[in-house]
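Next comes data_25.tsv, with TSV, C-alpha atoms and all ligand atoms.
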```
chain	number	residue	atom	x	y	z
A	107	MET	CA	-37.24	29.56	16.88
A	108	ALA	CA	-38.93	29.86	13.57
A	109	LEU	CA	-42.40	28.91	12.64
A	110	GLU	CA	-41.95	28.09	8.99
A	111	LEU	CA	-45.19	27.68	7.16
A	112	PHE	CA	-43.34	28.28	3.92
A	113	GLY	CA	-41.47	25.76	1.89
A	114	ILE	CA	-39.47	28.49	0.23
A	115	ALA	CA	-36.23	29.27	1.98
A	116	GLY	CA	-34.51	32.57	1.49
A	117	ASP	CA	-34.83	35.83	3.27
A	118	ALA	CA	-34.26	38.57	0.73
A	119	ASP	CA	-36.39	41.53	1.69
A	120	LYS	CA	-37.91	41.87	-1.71
A	121	PRO	CA	-40.64	40.29	-3.79
A	122	VAL	CA	-39.91	36.75	-4.81
A	123	PRO	CA	-39.43	36.89	-8.58
A	124	GLU	CA	-41.08	33.55	-9.03
A	125	PRO	CA	-43.15	33.40	-12.22
A	126	ALA	CA	-46.82	33.06	-11.52
A	127	THR	CA	-47.00	30.26	-14.02
A	128	ALA	CA	-45.05	27.90	-11.82
A	129	PRO	CA	-46.73	27.37	-8.46
A	130	ARG	CA	-44.23	25.65	-6.31
A	131	LYS	CA	-44.89	21.99	-5.72
A	132	PRO	CA	-43.56	20.33	-2.64
A	133	ALA	CA	-40.71	17.97	-3.25
A	134	ALA	CA	-41.88	14.50	-4.06
A	135	PRO	CA	-41.79	12.22	-1.08
A	136	SER	CA	-39.50	9.33	-1.65
A	137	SER	CA	-40.51	5.82	-0.94
A	138	THR	CA	-37.26	4.74	0.62
A	139	GLN	CA	-37.51	2.32	3.46
A	140	ASP	CA	-35.41	4.20	5.94
A	141	GLY	CA	-37.46	7.35	6.14
A	142	ARG	CA	-34.44	9.64	6.01
A	143	SER	CA	-35.45	11.43	2.85
A	144	ARG	CA	-38.92	12.51	3.72
A	145	ARG	CA	-40.27	15.75	2.47
A	146	LEU	CA	-40.02	18.52	4.95
A	147	LYS	CA	-43.36	19.16	6.56
A	148	PRO	CA	-44.36	21.73	9.07
A	149	ALA	CA	-45.01	20.58	12.61
A	150	SER	CA	-48.36	18.89	12.90
A	151	ASP	CA	-49.91	21.72	14.88
A	152	ASP	CA	-49.19	24.05	11.98
A	153	SER	CA	-50.70	21.82	9.41
A	154	GLN	CA	-54.30	22.86	9.92
A	155	ASP	CA	-53.36	26.44	10.11
A	156	LEU	CA	-52.84	28.80	7.23
A	157	TRP	CA	-52.75	26.21	4.57
A	158	GLY	CA	-55.47	26.42	2.02
A	159	GLU	CA	-55.78	23.68	-0.55
A	160	ARG	CA	-52.78	21.80	0.65
A	161	SER	CA	-54.05	21.70	4.19
A	162	ALA	CA	-52.34	18.72	5.65
A	163	GLU	CA	-54.97	17.75	8.11
A	164	PRO	CA	-54.26	14.81	10.35
A	165	ALA	CA	-56.82	12.05	10.42
A	166	PRO	CA	-59.14	12.00	13.42
A	167	ALA	CA	-58.00	9.81	16.26
A	168	THR	CA	-61.01	7.55	16.15
A	169	PRO	CA	-62.70	6.49	12.94
A	170	PRO	CA	-66.44	7.07	12.70
A	171	LEU	CA	-68.34	3.97	13.72
A	172	THR	CA	-70.42	2.34	11.04
A	173	GLN	CA	-72.68	-0.01	12.91
A	174	THR	CA	-75.80	0.48	10.85
A	175	ASP	CA	-76.10	-0.67	7.26
A	176	PRO	CA	-74.53	1.89	4.98
A	177	ALA	CA	-76.95	3.99	2.97
A	178	PRO	CA	-77.28	2.83	-0.62
A	179	GLU	CA	-74.83	4.55	-2.93
A	180	PRO	CA	-76.31	7.11	-5.32
A	181	LEU	CA	-76.64	5.55	-8.77
A	182	SER	CA	-74.29	8.04	-10.39
A	183	ARG	CA	-71.54	6.92	-8.07
A	184	VAL	CA	-72.15	3.27	-8.70
A	185	LEU	CA	-71.99	3.82	-12.46
A	186	GLN	CA	-68.95	6.02	-12.32
A	187	PRO	CA	-66.72	5.14	-9.41
A	188	ALA	CA	-64.60	7.98	-8.10
A	189	SER	CA	-60.91	7.82	-8.65
A	190	PHE	CA	-58.19	9.65	-6.75
A	191	ARG	CA	-54.57	9.42	-7.75
A	192	HIS	CA	-51.63	10.96	-5.96
A	193	PRO	CA	-48.94	12.07	-8.45
A	194	ASN	CA	-46.40	9.96	-6.55
A	195	ALA	CA	-48.73	7.03	-6.01
A	196	ASN	CA	-47.08	3.65	-5.48
A	197	ARG	CA	-50.03	1.74	-3.98
A	198	GLU	CA	-53.65	1.44	-4.89
A	199	LEU	CA	-56.77	0.11	-3.21
A	200	LEU	CA	-60.52	0.27	-3.39
A	201	LEU	CA	-62.19	2.30	-0.63
A	202	GLY	CA	-65.93	1.88	-0.92
A	203	ASN	CA	-66.51	2.55	-4.60
A	204	ALA	CA	-63.52	4.77	-5.03
A	205	ARG	CA	-60.20	3.71	-6.44
A	206	VAL	CA	-57.55	5.44	-4.36
A	207	ALA	CA	-53.93	5.47	-5.49
A	208	TYR	CA	-51.75	6.81	-2.72
A	209	ALA	CA	-48.12	7.58	-2.01
A	210	LEU	CA	-46.73	5.27	0.65
A	211	THR	CA	-43.56	6.26	2.44
A	212	ARG	CA	-41.81	4.09	4.99
A	213	VAL	CA	-40.63	6.10	7.93
A	214	ARG	CA	-39.25	5.74	11.41
A	215	ARG	CA	-42.34	6.39	13.40
A	216	ARG	CA	-44.56	4.35	15.64
A	217	SER	CA	-47.90	4.72	13.93
A	218	ILE	CA	-49.44	5.04	10.50
A	219	GLY	CA	-50.05	8.63	9.41
A	220	PHE	CA	-52.43	9.85	6.71
A	221	VAL	CA	-52.40	13.19	4.98
A	222	VAL	CA	-54.90	14.37	2.38
A	223	ASP	CA	-53.85	17.44	0.45
A	224	ALA	CA	-54.34	18.84	-3.03
A	225	ASP	CA	-52.17	16.04	-4.45
A	226	GLY	CA	-54.24	13.29	-2.86
A	227	LEU	CA	-53.62	10.76	-0.13
A	228	SER	CA	-50.17	10.10	1.25
A	229	VAL	CA	-49.46	7.55	3.92
A	230	ARG	CA	-46.44	7.23	6.16
A	231	ALA	CA	-45.96	3.98	7.95
A	232	PRO	CA	-43.27	2.24	9.98
A	233	ALA	CA	-41.20	-0.29	8.07
A	234	TRP	CA	-42.51	-3.21	10.14
A	235	VAL	CA	-46.19	-2.69	9.30
A	236	THR	CA	-47.35	-5.03	6.53
A	237	LEU	CA	-49.04	-3.72	3.41
A	238	SER	CA	-52.26	-5.51	4.29
A	239	ALA	CA	-52.23	-3.92	7.73
A	240	ILE	CA	-51.86	-0.53	6.06
A	241	ASP	CA	-54.79	-1.28	3.74
A	242	ASP	CA	-56.87	-2.35	6.73
A	243	ALA	CA	-56.06	0.91	8.51
A	244	LEU	CA	-57.05	2.87	5.40
A	245	LYS	CA	-60.33	0.96	5.14
A	246	GLU	CA	-61.07	1.68	8.76
A	247	LYS	CA	-60.66	5.41	8.10
A	248	SER	CA	-62.21	5.32	4.64
A	249	ASP	CA	-65.10	7.67	5.50
A	250	TRP	CA	-62.72	10.38	6.58
A	251	ILE	CA	-60.29	9.79	3.71
A	252	LEU	CA	-62.98	9.83	1.01
A	253	ARG	CA	-64.59	12.95	2.43
A	254	LYS	CA	-61.25	14.78	2.47
A	255	LEU	CA	-60.33	13.57	-1.02
A	256	GLY	CA	-63.70	14.76	-2.30
A	257	ASP	CA	-63.25	18.16	-0.66
A	258	ALA	CA	-59.76	18.54	-2.10
A	259	GLN	CA	-60.96	17.62	-5.59
A	260	LEU	CA	-63.79	20.12	-5.37
A	261	ARG	CA	-61.41	22.88	-4.36
A	262	GLN	CA	-59.10	22.02	-7.25
A	263	GLN	CA	-62.09	22.21	-9.57
A	264	LYS	CA	-63.11	25.59	-8.19
A	265	ARG	CA	-59.59	26.81	-8.74
A	266	ALA	CA	-59.59	25.61	-12.33
A	267	ASP	CA	-62.89	27.39	-12.91
A	268	ALA	CA	-61.41	30.58	-11.57
A	269	ARG	CA	-58.60	30.78	-14.10
A	270	ILE	CA	-57.79	34.37	-15.01
A	271	GLU	CA	-58.01	35.21	-18.70
A	272	TRP	CA	-55.06	37.38	-19.58
A	273	ARG	CA	-56.66	39.61	-22.16
A	274	ASN	CA	-58.22	43.02	-22.53
A	275	GLY	CA	-61.41	42.80	-20.44
A	276	GLY	CA	-60.24	39.83	-18.37
A	277	MET	CA	-61.29	39.89	-14.71
A	278	PHE	CA	-59.80	38.92	-11.38
A	279	PRO	CA	-60.74	39.71	-7.79
A	280	LEU	CA	-58.85	42.44	-5.93
A	281	PHE	CA	-59.75	42.87	-2.25
A	282	GLY	CA	-62.74	40.62	-2.88
A	283	GLU	CA	-64.17	42.84	-5.66
A	284	PRO	CA	-64.04	42.17	-9.38
A	285	LEU	CA	-61.40	44.13	-11.24
A	286	LYS	CA	-61.33	44.43	-15.01
A	287	ILE	CA	-58.06	44.46	-16.94
A	288	VAL	CA	-57.98	47.22	-19.54
A	289	LEU	CA	-55.07	47.39	-21.97
A	290	ASP	CA	-54.38	51.02	-22.50
A	291	ALA	CA	-51.11	51.85	-24.23
A	292	GLU	CA	-52.13	55.50	-24.68
A	293	HIS	CA	-52.72	56.09	-20.99
A	294	ARG	CA	-50.42	58.60	-19.30
A	295	PHE	CA	-49.55	56.73	-16.14
A	296	LYS	CA	-48.71	58.49	-12.95
A	297	GLU	CA	-48.32	55.15	-11.17
A	298	ARG	CA	-45.76	52.63	-12.33
A	299	GLY	CA	-47.05	50.08	-14.82
A	300	GLY	CA	-50.74	50.43	-14.13
A	301	ALA	CA	-53.49	52.59	-12.74
A	302	LEU	CA	-56.69	51.82	-10.87
A	303	ILE	CA	-59.71	53.57	-12.33
A	304	ASP	CA	-62.93	53.75	-10.35
A	305	ALA	CA	-66.11	52.21	-11.73
A	306	LEU	CA	-67.47	54.26	-14.61
A	307	HIS	CA	-71.04	53.76	-13.39
A	308	ALA	CA	-72.84	51.98	-10.57
A	309	GLY	CA	-72.51	48.21	-10.91
A	310	ALA	CA	-69.53	48.37	-13.25
A	311	PRO	CA	-66.26	46.86	-12.04
A	312	ARG	CA	-63.23	48.94	-11.20
A	313	GLU	CA	-60.61	48.89	-13.92
A	314	LEU	CA	-56.91	48.27	-13.86
A	315	HIS	CA	-55.35	50.09	-16.80
A	316	ILE	CA	-52.12	48.52	-17.93
A	317	ALA	CA	-49.73	50.27	-20.31
A	318	LEU	CA	-49.81	47.61	-23.01
A	319	PRO	CA	-51.35	47.53	-26.49
A	320	THR	CA	-54.53	45.47	-26.89
A	321	THR	CA	-52.54	43.04	-29.03
A	322	ALA	CA	-50.17	42.12	-26.16
A	323	GLU	CA	-49.45	38.45	-25.52
A	324	PRO	CA	-51.27	36.88	-22.53
A	325	ALA	CA	-47.99	36.13	-20.74
A	326	LYS	CA	-46.95	39.75	-21.06
A	327	ILE	CA	-50.27	40.95	-19.66
A	328	ARG	CA	-50.00	38.54	-16.77
A	329	ASP	CA	-46.47	39.67	-15.94
A	330	ALA	CA	-47.48	43.33	-16.03
A	331	VAL	CA	-50.47	42.72	-13.75
A	332	HIS	CA	-48.32	40.59	-11.47
A	333	ALA	CA	-45.69	43.32	-11.12
A	334	TRP	CA	-48.40	45.85	-10.35
A	335	LEU	CA	-50.03	43.52	-7.82
A	336	LEU	CA	-46.74	42.86	-6.01
A	337	ARG	CA	-46.31	46.60	-5.43
A	338	GLN	CA	-49.88	46.87	-4.16
A	339	ALA	CA	-49.39	43.87	-1.89
A	340	ARG	CA	-46.22	45.25	-0.34
A	341	ALA	CA	-47.76	48.67	0.32
A	342	HIS	CA	-50.98	47.20	1.68
A	343	PHE	CA	-49.29	44.66	3.96
A	344	ILE	CA	-46.94	47.27	5.41
A	345	GLU	CA	-49.87	49.53	6.14
A	346	ARG	CA	-51.79	46.73	7.89
A	347	LEU	CA	-48.72	45.45	9.79
A	348	ASN	CA	-48.13	48.96	11.10
A	349	TYR	CA	-51.78	49.25	12.04
A	350	PHE	CA	-51.99	46.01	14.04
A	351	ALA	CA	-48.47	45.67	15.50
A	352	PRO	CA	-48.93	48.37	18.18
A	353	GLN	CA	-52.31	46.89	19.16
A	354	LEU	CA	-50.61	43.54	19.77
A	355	GLY	CA	-47.58	45.11	21.40
A	356	VAL	CA	-45.13	43.59	18.91
A	357	ARG	CA	-42.52	44.90	16.49
A	358	TRP	CA	-42.10	43.43	13.04
A	359	THR	CA	-38.73	43.91	11.37
A	360	ARG	CA	-39.15	43.07	7.72
A	361	LEU	CA	-41.58	41.81	5.16
A	362	ARG	CA	-41.03	39.24	2.47
A	363	LEU	CA	-43.63	38.46	-0.16
A	364	SER	CA	-44.20	34.86	-1.08
A	365	SER	CA	-45.83	33.26	-4.05
A	366	ALA	CA	-46.68	29.83	-2.63
A	367	GLN	CA	-49.91	28.54	-4.07
A	368	THR	CA	-51.64	27.97	-0.78
A	369	ARG	CA	-49.55	29.01	2.19
A	370	TRP	CA	-50.56	32.38	3.38
A	371	GLY	CA	-47.98	33.51	5.83
A	372	SER	CA	-45.26	32.84	8.34
A	373	ALA	CA	-43.44	34.64	11.10
A	374	ARG	CA	-40.06	34.29	12.73
A	375	SER	CA	-39.13	35.25	16.24
A	376	ASP	CA	-36.67	37.82	14.83
A	377	GLY	CA	-39.74	39.77	13.71
A	378	SER	CA	-39.61	38.98	10.01
A	379	ILE	CA	-42.96	38.32	8.41
A	380	CYS	CA	-43.72	36.57	5.17
A	381	LEU	CA	-47.04	37.13	3.44
A	382	ASN	CA	-48.43	35.76	0.21
A	383	TRP	CA	-49.26	38.35	-2.44
A	384	ARG	CA	-52.22	36.18	-3.55
A	385	LEU	CA	-53.98	37.33	-0.38
A	386	LEU	CA	-54.84	40.51	-2.27
A	387	HIS	CA	-57.57	38.53	-4.02
A	388	PHE	CA	-59.40	38.28	-0.68
A	389	ARG	CA	-61.50	40.92	1.00
A	390	HIS	CA	-59.84	43.24	3.50
A	391	SER	CA	-61.00	41.48	6.66
A	392	VAL	CA	-59.55	38.14	5.53
A	393	ILE	CA	-56.20	39.76	4.71
A	394	ASP	CA	-56.25	41.45	8.10
A	395	TYR	CA	-56.80	38.08	9.73
A	396	VAL	CA	-53.59	36.72	8.20
A	397	VAL	CA	-51.66	39.86	9.19
A	398	VAL	CA	-52.94	39.55	12.78
A	399	HIS	CA	-52.21	35.82	12.81
A	400	GLU	CA	-48.58	36.30	11.83
A	401	LEU	CA	-48.05	39.27	14.15
A	402	SER	CA	-49.54	37.23	17.01
A	403	HIS	CA	-46.81	34.65	16.40
A	404	LEU	CA	-44.31	37.30	17.47
A	405	ARG	CA	-45.89	36.89	20.91
A	406	VAL	CA	-46.75	33.18	20.86
A	407	MET	CA	-44.93	30.95	18.38
A	408	ASP	CA	-47.27	27.96	18.50
A	409	HIS	CA	-51.00	27.56	17.98
A	410	SER	CA	-51.86	27.08	21.63
A	411	PRO	CA	-55.00	28.52	23.24
A	412	ARG	CA	-52.80	31.40	24.39
A	413	PHE	CA	-51.99	32.15	20.74
A	414	TRP	CA	-55.65	32.22	19.70
A	415	GLY	CA	-56.40	34.33	22.74
A	416	THR	CA	-53.83	36.84	21.45
A	417	VAL	CA	-55.42	36.87	17.99
A	418	ALA	CA	-58.84	37.39	19.57
A	419	THR	CA	-57.72	40.48	21.49
A	420	VAL	CA	-57.68	42.48	18.26
A	421	MET	CA	-59.94	40.26	16.13
A	422	PRO	CA	-62.75	38.63	18.14
A	423	ASP	CA	-64.40	37.22	15.00
A	424	TYR	CA	-61.23	35.58	13.65
A	425	LYS	CA	-62.81	32.11	13.42
A	426	ALA	CA	-65.18	33.06	10.60
A	427	LEU	CA	-62.37	34.80	8.72
A	428	ARG	CA	-60.12	31.80	9.12
A	429	ARG	CA	-62.85	29.64	7.65
A	430	SER	CA	-63.27	31.96	4.64
A	431	LEU	CA	-59.57	31.70	3.99
A	432	LYS	CA	-59.88	27.93	3.78
A	433	ASP	CA	-63.12	27.82	1.81
A	434	GLU	CA	-62.58	30.50	-0.80
A	435	ALA	CA	-60.36	29.58	-3.70
A	436	THR	CA	-58.01	32.12	-5.22
A	437	PRO	CA	-57.96	32.25	-9.02
A	438	SER	CA	-55.30	30.42	-10.92
A	439	TRP	CA	-52.61	32.54	-12.57
A	440	GLU	CA	-51.52	29.76	-14.88
A	501	ZN	ZN	-49.78	30.22	12.55
```

Here is the file; what I need is its structure written in the form of structure tokens.
Amino acid sequence: MALELFGIAGDADKPVPEPATAPRKPAAPSSTQDGRSRRLKPASDDSQDLWGERSAEPAPATPPLTQTDPAPEPLSRVLQPASFRHPNANRELLLGNARVAYALTRVRRRSIGFVVDADGLSVRAPAWVTLSAIDDALKEKSDWILRKLGDAQLRQQKRADARIEWRNGGMFPLFGEPLKIVLDAEHRFKERGGALIDALHAGAPRELHIALPTTAEPAKIRDAVHAWLLRQARAHFIERLNYFAPQLGVRWTRLRLSSAQTRWGSARSDGSICLNWRLLHFRHSVIDYVVVHELSHLRVMDHSPRFWGTVATVMPDYKALRRSLKDEATPSWE
């Protein structure tokens, strides 16, 4: 039994050589009527789990009741209605003041399902449900949908703001602390490709010296930093896996690094663990949470209370860390 939170198949025990410039997009859902060619999604109980931006959160069972008159819309919203468009949108409707273009897929299922992720709103509905019935269902859940769409847009914005500048002096977070890229072709490197230099004075960031001339192309700088970071990620993850595995009474067998934009980890019952190198942007405790989460799956493969109980045995405060993982955006490497 495998709990696959990753879309990337493949099990080579080495870093995935995927260029950081091309975050993997899920396959486009098709709008065929028979539902046979749906995109592969993790089981619904995984969907709220270690997904960041793309968190495929199911809609609440009951829509919020709106019995009182709705509060007047803020003027800014009235003047500039919000607009959300899924890249594979094939339907559009007005929800409140917002124009929402969504991807509708006909599937063999008994009820209408909504998912809001970084792409926008996608809807899966049985073939026999009319389009107007689908629109009615969306209107009924419009509060939830608009709130989730707004959240997703905000996170995308945060990510765009946190774009790393690939130049001498550019910054990115490592273990939750700012790290400054210093191009230093003259440096005699003991480590491969780069060297961490402690802050020169109090308040100054740590520096990552990379063996490139200051005239190097941004793509070259990014690739050099990426290669360095992959080595750090592997060494750090192995150290943390070895630290927590005995505490949980499990044995992990191998580690694969992933590059998915927003999926943080997965575990298989054969003991293989997959962790996302982007986790190194987060502070240590958040990384440890993901390590503990995946190791705990070697005991309990689902997300049942027993699973969370296992996580809590070594990490009683895991809930706050889990929240940070969802709320904090990692910088864009594009
Ligand atoms: Zn999990």

Task: Polymer residues at most 12 Å from (-57.6, 39.7, 0.7) by all atoms listed in the file, as an MDAnalysis selection string - done: chainID A and resid 279:283 338:339 342:343 346 370 381:397 427:428 430:431 434:436

TODO: Have a look at A:Leu354, A:Leu363, A:Leu237, A:Ala224 and name the one nearest to A:Ala341; count all atoms listed in the file.
DONE: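 Smallest distance to A:Ala341 is found for A:Leu363.
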
Task: Among the residues A:Arg253, A:Leu404, A:Trp439, A:Arg429, the one that comes closest to ligand ZN 501 (chain A) [using all atoms listed in the file] - done: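 Among A:Arg253, A:Leu404, A:Trp439, A:Arg429, it is A:Leu404 that comes nearest to ligand ZN 501 (chain A).
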
- [ ] Might you pull out every residue within 10 Å of A:Gly377, with only C-alpha atoms counted and same-chain residues fewer than 6 positions away left off, and present them as a PyMOL selection string?
- [x] chain A and resi 108+356-361+400-401+403-405

Task: Long-range neighbours of A:Leu318 as a ChimeraX atom specification, 10 Å cut-off, all atoms listed in the file, 6 positions minimum in chain - done: /A:274,288-293,299-300,326-327,330

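Comparing the minimum interatomic distances between A:Arg205 and each of A:Ile270, A:Leu336, A:Met407, A:Leu255, counting all atoms listed in the file, we find that A:Leu255 sits nearest.
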
Return the padded bounding box of stretch 400-417 of chain A as lines of an AutoDock Vina configuration file: axis-aligned, built from all atoms listed in the file, 6 Å added on each side, with centre and edge lengths in Å to one decimal.
```
center_x = -50.4
center_y = 33.2
center_z = 18.1
size_x = 24.1
size_y = 24.2
size_z = 24.6
```

TODO: Please measure the separation of atom CA of A:Leu201 and atom CA of A:Asp249, giving the value in Å to one decimal.
DONE: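 Those two atoms sit 8.7 Å apart.
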
- [ ] List the neighbours of A:Val420 out to 10 Å using all atoms listed in the file; skip same-chain residues closer than 4 positions along the sequence, and give me the result as a list in words.
- [x]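 Skipping anything fewer than 4 positions along the chain leaves Phe350, Gln353, Leu354, Tyr395, Val398, Ser402, Gly415, Thr416 and Tyr424 of chain A.
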
Open item on the list: Tell me which residues come within 9 Å of (-64.6, 48.2, -8.9), as a PyMOL selection string, counting all atoms listed in the file in the file's coordinates.
Closed with: chain A and resi 280+283-286+302-306+309-313

Task: Separation of atom CA of A:Ala195 from atom CA of A:Asp257, in Å and rounded to one decimal - done: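 Pair atom CA of A:Ala195 / atom CA of A:Asp257 returns 19.1 Å.
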
- [ ] Using all atoms listed in the file, pick whichever of A:His315, A:Lys254, A:His399, A:Arg191 has the shortest atom-to-atom distance to ligand ZN 501 (chain A).
- [x]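 So, comparing all the options, the nearest one is A:His399.
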
TODO: Have a look at atom CA of A:Pro422 and atom CA of A:Ser378 and let me know their distance in Å, one decimal.
DONE: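 Between atom CA of A:Pro422 and atom CA of A:Ser378 the gap is 24.5 Å.
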
Task: From A:Ala239, A:Leu199, A:Ala209, A:Ile379, residue lying nearest ligand ZN 501 (chain A) [only C-alpha atoms and all ligand atoms] - done: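 Looking only at the distances to ligand ZN 501 (chain A), the closest residue turns out to be A:Ile379.
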
Open item on the list: From the options A:Ser438, A:Ser372, A:Ser364, A:Ser189, which residue's atoms come nearest to ligand ZN 501 (chain A), counting all atoms listed in the file?
Closed with: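 Using all atoms listed in the file, the shortest distance to ligand ZN 501 (chain A) belongs to A:Ser372.
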
Where atoms are lacking, stretch 247-255 of chain A completed to all heavy atoms, as a compact mmCIF listing (two decimals), keeping the file's coordinate frame:
```txt
# COMPACT_ATOMS: atom_id res chain seq x y z
N LYS A 247 -60.49 3.96 8.13
CA LYS A 247 -60.66 5.41 8.10
C LYS A 247 -61.23 5.88 6.77
O LYS A 247 -61.13 7.07 6.43
CB LYS A 247 -59.31 6.10 8.35
CG LYS A 247 -58.81 5.95 9.77
CD LYS A 247 -58.31 7.28 10.29
CE LYS A 247 -58.15 7.34 11.79
NZ LYS A 247 -57.41 6.29 12.43
N SER A 248 -61.83 4.97 6.02
CA SER A 248 -62.21 5.32 4.64
C SER A 248 -63.20 6.47 4.56
O SER A 248 -63.12 7.29 3.66
CB SER A 248 -62.75 4.09 3.91
OG SER A 248 -63.94 3.66 4.53
N ASP A 249 -64.13 6.57 5.53
CA ASP A 249 -65.10 7.67 5.50
C ASP A 249 -64.39 9.02 5.50
O ASP A 249 -64.66 9.89 4.69
CB ASP A 249 -66.04 7.60 6.71
CG ASP A 249 -67.11 6.54 6.53
OD1 ASP A 249 -67.09 5.86 5.47
OD2 ASP A 249 -67.94 6.37 7.44
N TRP A 250 -63.46 9.12 6.44
CA TRP A 250 -62.72 10.38 6.58
C TRP A 250 -61.89 10.65 5.33
O TRP A 250 -61.89 11.75 4.79
CB TRP A 250 -61.82 10.31 7.81
CG TRP A 250 -61.03 11.56 8.06
CD1 TRP A 250 -61.44 12.64 8.78
CD2 TRP A 250 -59.72 11.87 7.59
NE1 TRP A 250 -60.46 13.61 8.77
CE2 TRP A 250 -59.39 13.16 8.06
CE3 TRP A 250 -58.78 11.17 6.81
CZ2 TRP A 250 -58.17 13.78 7.78
CZ3 TRP A 250 -57.56 11.79 6.53
CH2 TRP A 250 -57.28 13.07 7.02
N ILE A 251 -61.19 9.62 4.86
CA ILE A 251 -60.29 9.79 3.71
C ILE A 251 -61.09 10.21 2.46
O ILE A 251 -60.71 11.15 1.76
CB ILE A 251 -59.50 8.49 3.44
CG1 ILE A 251 -58.48 8.27 4.56
CG2 ILE A 251 -58.81 8.53 2.08
CD1 ILE A 251 -57.86 6.88 4.57
N LEU A 252 -62.21 9.52 2.22
CA LEU A 252 -62.98 9.83 1.01
C LEU A 252 -63.59 11.22 1.09
O LEU A 252 -63.66 11.94 0.10
CB LEU A 252 -64.09 8.78 0.80
CG LEU A 252 -63.57 7.41 0.39
CD1 LEU A 252 -64.71 6.42 0.27
CD2 LEU A 252 -62.79 7.48 -0.93
N ARG A 253 -64.02 11.60 2.28
CA ARG A 253 -64.59 12.95 2.43
C ARG A 253 -63.52 14.00 2.14
O ARG A 253 -63.75 14.96 1.39
CB ARG A 253 -65.14 13.11 3.86
CG ARG A 253 -65.89 14.41 4.10
CD ARG A 253 -66.82 14.29 5.32
NE ARG A 253 -66.17 13.66 6.46
CZ ARG A 253 -65.36 14.30 7.30
NH1 ARG A 253 -65.10 15.57 7.13
NH2 ARG A 253 -64.81 13.66 8.32
N LYS A 254 -62.33 13.81 2.69
CA LYS A 254 -61.25 14.78 2.47
C LYS A 254 -60.80 14.80 1.01
O LYS A 254 -60.50 15.86 0.46
CB LYS A 254 -60.05 14.44 3.37
CG LYS A 254 -60.30 14.69 4.83
CD LYS A 254 -60.43 16.18 5.10
CE LYS A 254 -61.05 16.45 6.45
NZ LYS A 254 -61.45 17.83 6.63
N LEU A 255 -60.74 13.62 0.39
CA LEU A 255 -60.33 13.57 -1.02
C LEU A 255 -61.36 14.29 -1.89
O LEU A 255 -61.01 15.02 -2.82
CB LEU A 255 -60.18 12.11 -1.49
CG LEU A 255 -58.90 11.40 -1.03
CD1 LEU A 255 -58.99 9.91 -1.35
CD2 LEU A 255 -57.65 12.00 -1.67
```
